[in-house]
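S.K.: Below is the file input34.txt, which contains compact mmCIF, C-alpha atoms.
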# COMPACT_ATOMS: atom_id res chain seq x y z
CA MET A 99 98.63 85.95 88.88
CA GLU A 100 99.01 84.04 92.14
CA ASP A 101 96.83 85.16 95.03
CA THR A 102 98.65 87.17 97.67
CA PRO A 103 98.13 87.23 101.44
CA ALA A 104 96.42 90.58 100.93
CA VAL A 105 93.77 88.90 98.79
CA ALA A 106 93.14 86.30 101.48
CA ALA A 107 92.65 89.07 104.00
CA VAL A 108 89.55 90.29 102.18
CA VAL A 109 87.57 87.23 103.25
CA ASN A 110 88.42 87.67 106.92
CA GLY A 111 86.14 89.48 109.34
CA ALA A 112 86.61 93.15 110.09
CA ASP A 113 88.30 92.44 113.43
CA GLU A 114 90.74 90.02 111.82
CA ARG A 115 91.56 92.54 109.10
CA ARG A 116 92.46 95.15 111.67
CA ASP A 117 94.94 92.78 113.32
CA TYR A 118 96.27 91.16 110.17
CA ARG A 119 99.31 92.45 108.30
CA PRO A 120 99.72 90.94 104.83
CA GLY A 121 103.04 89.31 104.08
CA TYR A 122 103.96 91.67 101.25
CA GLU A 123 103.66 94.65 103.60
CA ILE A 124 106.07 93.15 106.12
CA VAL A 125 108.48 92.10 103.37
CA ALA A 126 108.36 95.58 101.81
CA GLU A 127 109.49 97.00 105.16
CA ARG A 128 112.29 94.44 105.36
CA ILE A 129 113.48 95.34 101.87
CA LEU A 130 113.59 99.01 102.87
CA GLU A 131 115.53 98.05 106.00
CA PHE A 132 117.99 96.12 103.83
CA ILE A 133 118.46 99.17 101.57
CA ALA A 134 119.10 101.40 104.58
CA GLU A 135 121.44 98.97 106.35
CA SER A 136 123.40 98.46 103.12
CA ASN A 137 123.80 102.24 102.69
CA LEU A 138 122.36 102.04 99.19
CA VAL A 139 121.48 105.31 97.46
CA PRO A 140 119.26 106.18 94.47
CA GLY A 141 120.59 104.49 91.36
CA ASP A 142 122.23 101.60 93.23
CA ARG A 143 121.33 98.09 92.18
CA ILE A 144 119.58 95.89 94.72
CA PRO A 145 119.42 92.08 94.73
CA THR A 146 117.06 90.29 92.38
CA GLU A 147 113.70 88.97 93.56
CA ASN A 148 115.24 85.48 93.80
CA ASP A 149 118.16 86.76 95.85
CA LEU A 150 115.88 88.75 98.12
CA ALA A 151 113.68 85.69 98.66
CA GLN A 152 116.73 83.67 99.68
CA ARG A 153 118.13 86.38 101.92
CA LEU A 154 114.80 86.89 103.69
CA GLY A 155 113.86 83.21 103.74
CA ILE A 156 110.48 83.69 102.07
CA SER A 157 108.78 82.80 98.80
CA ARG A 158 109.51 84.71 95.63
CA SER A 159 105.79 85.41 95.09
CA VAL A 160 105.62 87.45 98.31
CA VAL A 161 108.82 89.30 97.36
CA ARG A 162 107.32 90.03 93.93
CA ASP A 163 104.24 91.62 95.49
CA ALA A 164 106.40 93.60 97.93
CA VAL A 165 108.50 94.92 95.02
CA LYS A 166 105.32 95.95 93.19
CA ILE A 167 104.25 97.95 96.23
CA LEU A 168 107.66 99.60 96.55
CA SER A 169 107.63 100.40 92.83
CA ALA A 170 104.18 101.96 93.16
CA LEU A 171 105.45 104.04 96.07
CA GLY A 172 108.43 105.21 94.06
CA ARG A 173 110.99 103.54 96.35
CA VAL A 174 112.45 101.05 93.86
CA ARG A 175 112.54 100.87 90.09
CA ALA A 176 112.46 97.71 88.00
CA HIS A 177 114.27 98.05 84.66
CA LYS A 178 113.50 95.23 82.26
CA GLY A 179 116.60 93.21 81.54
CA ARG A 180 118.70 95.19 84.03
CA GLY A 181 117.24 94.42 87.45
CA LEU A 182 116.03 96.33 90.50
CA PHE A 183 117.37 99.71 91.57
CA VAL A 184 116.89 102.10 94.44
CA ALA A 185 114.70 104.99 93.29
CA ASP A 186 114.46 108.48 94.71
CA ASP A 187 112.51 109.13 97.89
CA ASP A 188 109.53 110.91 96.34
CA GLY A 189 107.37 108.20 97.86
CA MET A 190 108.67 108.75 101.39
CA LEU A 191 105.90 111.12 102.47
CA ILE A 192 103.02 109.01 101.25
CA SER A 193 104.69 105.84 102.56
CA GLY A 194 105.08 107.31 106.00
CA ARG A 195 101.61 108.86 106.09
CA TRP A 196 99.52 105.98 104.79
CA GLY A 197 101.87 103.00 104.40
CA GLY A 198 100.92 101.37 107.69
CA PHE A 199 97.21 101.87 107.06
CA PHE A 200 96.24 101.21 103.46
CA ARG A 201 95.74 97.60 102.37
CA PRO A 202 95.55 97.57 98.58
CA VAL A 203 93.28 94.55 98.15
CA ASP A 204 91.04 95.13 101.16
CA LEU A 205 87.65 96.03 99.72
CA ASP A 206 86.87 98.35 102.62
CA HIS A 207 90.11 100.25 102.09
CA VAL A 208 89.65 100.45 98.32
CA LEU A 209 86.13 101.80 98.90
CA MET A 210 87.41 104.44 101.31
CA LEU A 211 90.15 105.43 98.88
CA PHE A 212 87.66 105.96 96.07
CA GLU A 213 85.37 107.92 98.37
CA PHE A 214 88.35 110.15 99.11
CA ARG A 215 89.26 110.46 95.42
CA ARG A 216 85.65 111.27 94.50
CA VAL A 217 85.57 114.20 96.90
CA GLN A 218 88.91 115.60 95.75
CA GLU A 219 88.68 115.03 92.02
CA THR A 220 85.11 116.13 91.39
CA VAL A 221 85.97 119.47 93.01
CA ALA A 222 89.25 119.66 91.09
CA ALA A 223 87.48 119.04 87.77
CA LYS A 224 84.82 121.62 88.60
CA LEU A 225 87.44 124.25 89.37
CA ALA A 226 89.50 123.30 86.32
CA ALA A 227 86.51 124.03 84.10
CA THR A 228 86.63 127.66 85.22
CA ARG A 229 90.37 128.13 85.74
CA ALA A 230 92.30 126.03 83.22
CA THR A 231 94.67 127.94 80.95
CA PRO A 232 95.10 127.03 77.27
CA ALA A 233 98.42 125.34 78.12
CA GLU A 234 96.81 123.32 80.90
CA LEU A 235 93.97 122.29 78.61
CA ARG A 236 96.54 121.09 76.10
CA THR A 237 98.31 119.04 78.79
CA ILE A 238 95.01 117.37 79.74
CA GLU A 239 94.24 116.71 76.08
CA VAL A 240 97.64 115.15 75.38
CA ALA A 241 97.31 112.86 78.39
CA MET A 242 93.82 111.84 77.23
CA GLN A 243 95.16 111.06 73.77
CA GLN A 244 98.06 109.06 75.20
CA CYS A 245 95.60 106.98 77.23
CA ARG A 246 93.73 106.18 74.05
CA HIS A 247 96.97 105.38 72.21
CA GLY A 248 98.19 103.09 75.00
CA TYR A 249 94.91 101.20 75.11
CA THR A 250 94.53 100.94 71.34
CA HIS A 251 98.07 99.58 70.91
CA GLY A 252 98.05 97.33 73.96
CA GLU A 253 100.78 99.34 75.71
CA VAL A 254 99.90 99.02 79.37
CA GLU A 255 102.76 101.14 80.67
CA VAL A 256 101.91 103.96 78.26
CA PHE A 257 98.28 103.92 79.35
CA THR A 258 99.15 103.76 83.05
CA GLN A 259 101.51 106.73 82.85
CA ALA A 260 99.06 108.74 80.76
CA ASP A 261 96.26 107.90 83.20
CA ASP A 262 98.34 109.35 86.04
CA ASP A 263 99.24 112.36 83.89
CA PHE A 264 95.58 112.99 83.04
CA HIS A 265 94.34 113.08 86.62
CA ALA A 266 97.36 115.11 87.76
CA ALA A 267 96.81 117.61 84.94
CA VAL A 268 93.16 118.10 85.86
CA ALA A 269 94.14 118.65 89.49
CA ALA A 270 96.86 121.11 88.45
CA ALA A 271 94.35 123.03 86.36
CA SER A 272 92.23 123.58 89.47
CA HIS A 273 94.97 126.00 90.62
CA ASN A 274 94.63 124.62 94.14
CA THR A 275 97.91 123.28 95.51
CA PHE A 276 96.24 121.29 98.27
CA LEU A 277 93.92 119.52 95.87
CA GLY A 278 96.87 118.72 93.61
CA SER A 279 98.78 117.17 96.50
CA ALA A 280 95.77 115.15 97.66
CA VAL A 281 95.14 113.79 94.18
CA ARG A 282 98.79 112.75 93.78
CA ASP A 283 98.78 110.97 97.14
CA ALA A 284 95.56 109.11 96.36
CA ARG A 285 96.86 108.08 92.95
CA ARG A 286 99.98 106.63 94.53
CA LEU A 287 97.82 104.52 96.81
CA GLN A 288 95.67 103.35 93.91
CA ARG A 289 98.78 102.27 92.01
CA GLN A 290 99.41 99.79 94.83
CA SER A 291 96.00 98.21 94.22
CA SER A 292 96.47 98.25 90.46
CA ALA A 293 99.90 96.60 90.70
CA ILE A 294 98.45 93.67 92.64
CA VAL A 295 94.97 93.34 91.15
CA TYR A 296 95.66 93.78 87.43
CA ASP A 297 98.16 91.92 85.24
CA THR A 298 97.02 93.79 82.15
CA PHE A 299 94.22 96.11 81.09
CA GLY A 300 91.08 95.85 83.20
CA GLU A 301 87.76 95.17 81.53
CA GLY A 302 86.77 98.80 82.03
CA THR A 303 89.81 100.34 80.33
CA ALA A 304 87.91 101.10 77.13
CA ALA A 305 85.26 102.89 79.18
CA ALA A 306 87.97 104.85 81.02
CA VAL A 307 89.29 106.17 77.71
CA GLU A 308 85.87 107.54 76.79
CA GLU A 309 85.28 108.89 80.30
CA HIS A 310 88.55 110.79 80.17
CA GLU A 311 87.41 112.43 76.97
CA ALA A 312 84.07 113.40 78.53
CA ILE A 313 85.89 115.01 81.45
CA TYR A 314 88.28 116.84 79.13
CA ARG A 315 85.50 118.17 76.90
CA ALA A 316 83.51 119.48 79.86
CA ILE A 317 86.58 121.26 81.23
CA ARG A 318 87.52 122.61 77.80
CA ASP A 319 84.01 123.94 77.22
CA GLY A 320 83.84 125.59 80.64
CA ARG A 321 81.05 123.41 82.05
CA PRO A 322 81.98 122.89 85.72
CA ASP A 323 78.94 120.85 86.79
CA GLU A 324 79.32 118.50 83.82
CA ALA A 325 83.04 118.14 84.53
CA ALA A 326 82.32 117.17 88.12
CA ALA A 327 79.56 114.75 87.07
CA ALA A 328 81.75 113.11 84.42
CA THR A 329 84.52 112.66 86.98
CA ALA A 330 82.10 111.06 89.44
CA VAL A 331 80.90 108.63 86.74
CA HIS A 332 84.50 107.72 85.92
CA LEU A 333 85.54 107.06 89.52
CA ASP A 334 82.35 105.17 90.42
CA ARG A 335 82.74 102.89 87.41
CA THR A 336 86.44 102.33 88.16
CA LEU A 337 85.59 101.34 91.72
CA GLU A 338 83.09 98.77 90.46
CA ASP A 339 85.81 97.33 88.20
CA TYR A 340 88.09 96.93 91.21
CA ARG A 341 85.31 95.34 93.22
CA ARG A 342 84.53 92.81 90.50
CA GLU A 343 88.19 91.95 89.91
CA ILE A 344 88.91 91.39 93.60
CA GLN A 345 85.79 89.22 93.91
CA ARG A 346 86.81 87.27 90.79
CA ARG A 347 90.24 86.57 92.23
CA LEU A 348 88.72 85.41 95.50
CA PHE A 349 85.84 83.32 94.23
CA GLY A 350 86.56 82.67 90.57
For this file, produce the structure as structure tokens.

M.R.:
Amino acid sequence: MEDTPAVAAVVNGADERRDYRPGYEIVAERILEFIAESNLVPGDRIPTENDLAQRLGISRSVVRDAVKILSALGRVRAHKGRGLFVADDDGMLISGRWGGFFRPVDLDHVLMLFEFRRVQETVAAKLAATRATPAELRTIEVAMQQCRHGYTHGEVEVFTQADDDFHAAVAAASHNTFLGSAVRDARRLQRQSSAIVYDTFGEGTAAAVEEHEAIYRAIRDGRPDEAAAATAVHLDRTLEDYRREIQRRLFG
């Protein structure tokens, strides 16, 4: 996948990063402005990436990255063979709260995001181990199994959705609404990084499958400390995968 302006920003100094706005971020805002000015509503078709590139006078590669971000935020939907459509506004809150701050391929920002996730999700897993109902345990188990199925059969979209479902289910089983909301927000931000950094499964996907099972088993067996520890292992290893992949894209 072609390097984006966001990737180039990683090699800049800290001061430059603070002042720099990657091209895809600016273009994403312009696409949202186009949707608003055109009075488009959820379900309406929007121009293709080629058309948007021509309308905005920029390269298609930057438009492609902007569309990935908007898809991750839940603002647009890409349907294979049908085109791009306006999605619902579920992503509005997270876009407004963090959209001007988070840079998906900035190593410092990715590190901070995972620090945030580690705090929220280790606590959520610990609570889930003492509070999860049988139905919630089954939801976690199904998501874990779907992750394994998606990976085993090379179905990236299946794995990605199940990965989201797994972490959301663990947070829900904590029976803490605030933790659930925080986990969902952080996952939305991580999807931005994933959309840009990975074209397919990362090298740590197989490990993630096993780590999910370790988390599930600890929650199922009512072992809160083990559930928290397994979650920490999973998030720390995932962060290292991101770090390596970003470095690979920068330096080969």

S.K.: Measuring atom to atom with all atoms listed in the file, identify which of A:Ala222, A:Leu333, A:Ala306, A:Val184 is nearest to Ser279 of chain A.

M.R.: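 Ranked by minimum distance to Ser279 of chain A, first place goes to A:Ala222.
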
S.K.: When you count only C-alpha atoms, which of these residues is closest to Val161 of chain A: A:Arg128, A:Ser136, A:Ala185, A:Ile238?

M.R.: A:Arg128

S.K.: Would you mind reading off the distance between atom CA of Ala223 of chain A and atom CA of Glu311 of chain A, one decimal, in Å?

M.R.: 12.7 Å

S.K.: Name the closest residue to Arg236 of chain A among the candidates A:Phe214, A:Phe264, A:Phe257, A:Phe299; distances are taken between atoms, counting all atoms listed in the file.

M.R.: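 Selected residue with least distance to Arg236 of chain A: A:Phe264.
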
S.K.: Return the single residue from A:Arg216, A:Arg175, A:Arg158, A:His273 that is closest to Ala230 of chain A, with distances computed using all atoms listed in the file.

M.R.: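 Nearest candidate to Ala230 of chain A out of A:Arg216, A:Arg175, A:Arg158, A:His273: A:His273.
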
S.K.: Atom CA of Leu205 of chain A and atom CA of Gln345 of chain A are how many Å apart?

M.R.: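 Between these atoms lies a distance of 9.1 Å.
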
S.K.: Nearest residue to Ala269 of chain A out of A:Glu239, A:Glu255, A:Glu324, A:Glu219, using all atoms listed in the file?

M.R.: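 Residue with the minimum atom-to-atom distance to Ala269 of chain A: A:Glu219.
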
S.K.: Given the choices A:Val221, A:Ile344, A:Ala316, A:Ala327, which gets closest to Asn274 of chain A if the distance is worked out from all atoms listed in the file?

M.R.: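 The shortest atom-to-atom distance to Asn274 of chain A comes from A:Val221.
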
S.K.: The centre and edge lengths of an axis-aligned box containing all atoms of segment 320-335 of chain A present in the file, extended by 8 Å on each side, are to be given in Å to one decimal, as lines of an AutoDock Vina configuration file.

M.R.:
center_x = 82.2
center_y = 114.2
center_z = 85.5
size_x = 22.6
size_y = 38.7
size_z = 25.8

S.K.: Please compute the atom CA of Leu277 of chain A-atom CA of Ala226 of chain A distance, one decimal, in Å.

M.R.: 11.2 Å

S.K.: Taking 6 positions as the minimum chain separation for residues in the same chain, which residues sit within 10 Å of Arg162 of chain A when counting only C-alpha atoms? Answer as an mmCIF file with C-alpha atoms, in the coordinates of the input.

M.R.:
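Resulting contents of around.cif:
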data_model
loop_
_atom_site.group_PDB
_atom_site.id
_atom_site.type_symbol
_atom_site.label_atom_id
_atom_site.label_comp_id
_atom_site.auth_asym_id
_atom_site.auth_seq_id
_atom_site.Cartn_x
_atom_site.Cartn_y
_atom_site.Cartn_z
ATOM 1 C CA THR A 102 98.650 87.170 97.670
ATOM 2 C CA TYR A 122 103.960 91.670 101.250
ATOM 3 C CA VAL A 125 108.480 92.100 103.370
ATOM 4 C CA ALA A 126 108.360 95.580 101.810
ATOM 5 C CA THR A 146 117.060 90.290 92.380
ATOM 6 C CA GLU A 147 113.700 88.970 93.560
ATOM 7 C CA ASN A 148 115.240 85.480 93.800
ATOM 8 C CA LEU A 150 115.880 88.750 98.120
ATOM 9 C CA ALA A 151 113.680 85.690 98.660
ATOM 10 C CA LEU A 168 107.660 99.600 96.550
ATOM 11 C CA ILE A 294 98.450 93.670 92.640
#

S.K.: Name the residues in contact with Glu338 of chain A at a cut-off of 12 Å, using only C-alpha atoms, excluding same-chain residues fewer than 3 positions from it; report them as a ChimeraX atom specification.

M.R.: /A:205,208-209,212,300-302,331-335,341-345
